[in-house]
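Trainee: Can you read through this structure? Questions will come right after.
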Amino acid sequence: MLGNGLKDKVLLPNGHKIPCIGYGTYKLPDDETAENCVKAAIEIGYRHIDEAAYYFNEKSVGKGIRDSGVKREELFITSKVWTNNRGYDKTMASFDQSMKDLGLDYLDLFLIHWPADAHEHDDWAEINLDTWKALTELYKEGRVKAIGVSNFWPEHLEALMEAEIRPMVNQIEFHPGYRQPRVFDYCRENGILLEAWSPLGRAKVLGHETIVKLAEKYGRSPAQICLRWVMQKDVIPLVKSLNRPRIEENARVFDFAIEDEDMELIDNMEEAGFSGHTPTNVTF
């Protein structure tokens, strides 16, 4: 997944292609700021925009997408169904609302944002399957090009692996200092593509001694080291910034490679930058 540029794509299990880096829209305000940030990212060359109903900015993000001047078929747009809309009927209604707010006719990827879990629901597996049924129907109808999940652990994924259509993507917290090896290995073994939210550890790992030293060695920023590490793990990073120079900097990760011994140094970092959110403790 090293690629040569922002427009390079990775093949999903169903043959649909996904750009190797995405621009994330979490916490972008639902106003001209989001519109301008999305337009700037697309102008810089990003073709993968990651959105979610929970971000409460789909109207502004959608306007930025539509006003970018780039044809819809050249873009890869993701959204997600939030926890209070799990279940077949609510998921279908949530999807329709997202499409209305975004002003789009289809999505390239639709995800379940968080799994229902035993700490909140006795029938958590049934809830996840009922939600997945809605995603499957949307996929079969052609309203979404690919379907997947976010923040699912192996125990949440297992039931879905027996479904008619299996998850194609799992978007998880993944960055130096938080690798989630159990989830990583399970998805690798089952052909599920991984995406990384918070690939910079919410900026908390940028000052870590290992990252700083490698940034100096390679003549790169700490953020570029983190993103390159993610990519060399064959994981798609989702980067976010409101600052155009930073958005541009995050895209300059294709003209260098981290050596194997340095990848191992990052692999062996102690826990750092972890958000604290897991499927077994979230109460969103």
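Every chain in the structure tokens takes a letter, A first, then B, and so on in the order presented; its residues are numbered from 1, and the ligands are numbered from 1 following the presented order.
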Pick out each residue of range 178-224 of chain A that DSSP on the backbone tags as strand (DSSP E or B); I need them as a list in words.

Mentor: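 Here is the list: Tyr178, Leu193, Leu194, Glu195, Ala196 and Trp197 of chain A.
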
Trainee: Can I get the selected residues back with C-alpha atoms, as a PDB file, in the first residue's frame?

Mentor:
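Okay, this is what ended up in part34.pdb:
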ATOM      1  CA  TYR A 178      -1.539   1.709  19.894  1.00  0.00           C
ATOM      2  CA  LEU A 193      -9.014  -4.006   4.957  1.00  0.00           C
ATOM      3  CA  LEU A 194      -8.019  -1.822   7.904  1.00  0.00           C
ATOM      4  CA  GLU A 195      -8.350   1.945   8.114  1.00  0.00           C
ATOM      5  CA  ALA A 196      -6.726   4.011  10.863  1.00  0.00           C
ATOM      6  CA  TRP A 197      -8.565   6.770  12.666  1.00  0.00           C
TER       7      TRP A 197
END

Trainee: Mind checking DSSP for range 56-212 of chain A and telling me the alpha helix (DSSP H) residues as number ranges by chain?

Mentor: A: 58-66, 88-102, 124-140, 154-160, 181-189, 209-212

Trainee: Please indicate the distance in Å from CA of Asn57 in chain A to CA of Tyr23 in chain A, rounded to one decimal place.

Mentor: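 Answer for the CA of Asn57 in chain A to CA of Tyr23 in chain A separation: 14.2 Å.
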
Trainee: Can you pull out every residue within 9 Å of Pro29 in chain A, counting only C-alpha atoms, but drop anything in the same chain fewer than 5 positions away, and send it as a ChimeraX atom specification?

Mentor: /A:34,55-57,60

Trainee: One decimal, Å: what's the distance from CA of Gln171 in chain A over to CA of Glu73 in chain A, could you say?

Mentor: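 Going from CA of Gln171 in chain A over to CA of Glu73 in chain A covers 22.5 Å.
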
Trainee: Using only C-alpha atoms, which residue out of A:Leu129, A:Val81, A:Leu11, A:Cys226 lies closest to Glu162 in chain A?

Mentor: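 Looking at the shortest contact to Glu162 in chain A, the residue is A:Leu129.
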
Trainee: Please provide as a ChimeraX atom specification all residues within 10 Å of range 199-215 of chain A, with the sequence filter that same-chain residues fewer than 5 positions apart are discarded (counting only C-alpha atoms).

Mentor: /A:172-178,220-231,235-240,258,262-263,265-266,268-269,271-275

Trainee: So which one's closest to Asp31 in chain A, A:Asp105, A:Asp122, A:Glu58, A:Glu264? Using only C-alpha atoms, please.

Mentor: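 Counting only C-alpha atoms, the residue closest to Asp31 in chain A is A:Glu58.
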
Trainee: Could you give me, as a ChimeraX atom specification, the residues within 10 Å of Phe284 in chain A, counting only C-alpha atoms and dropping anything in the same chain fewer than 3 positions from it?

Mentor: /A:82-84,114,281

Trainee: At a cut-off of 8 Å, using only C-alpha atoms, what residues contact Ala41 in chain A? Leave out same-chain residues fewer than 2 positions from it and give the result as number ranges by chain.

Mentor: A: 23, 37-39, 43-46, 244, 247-248
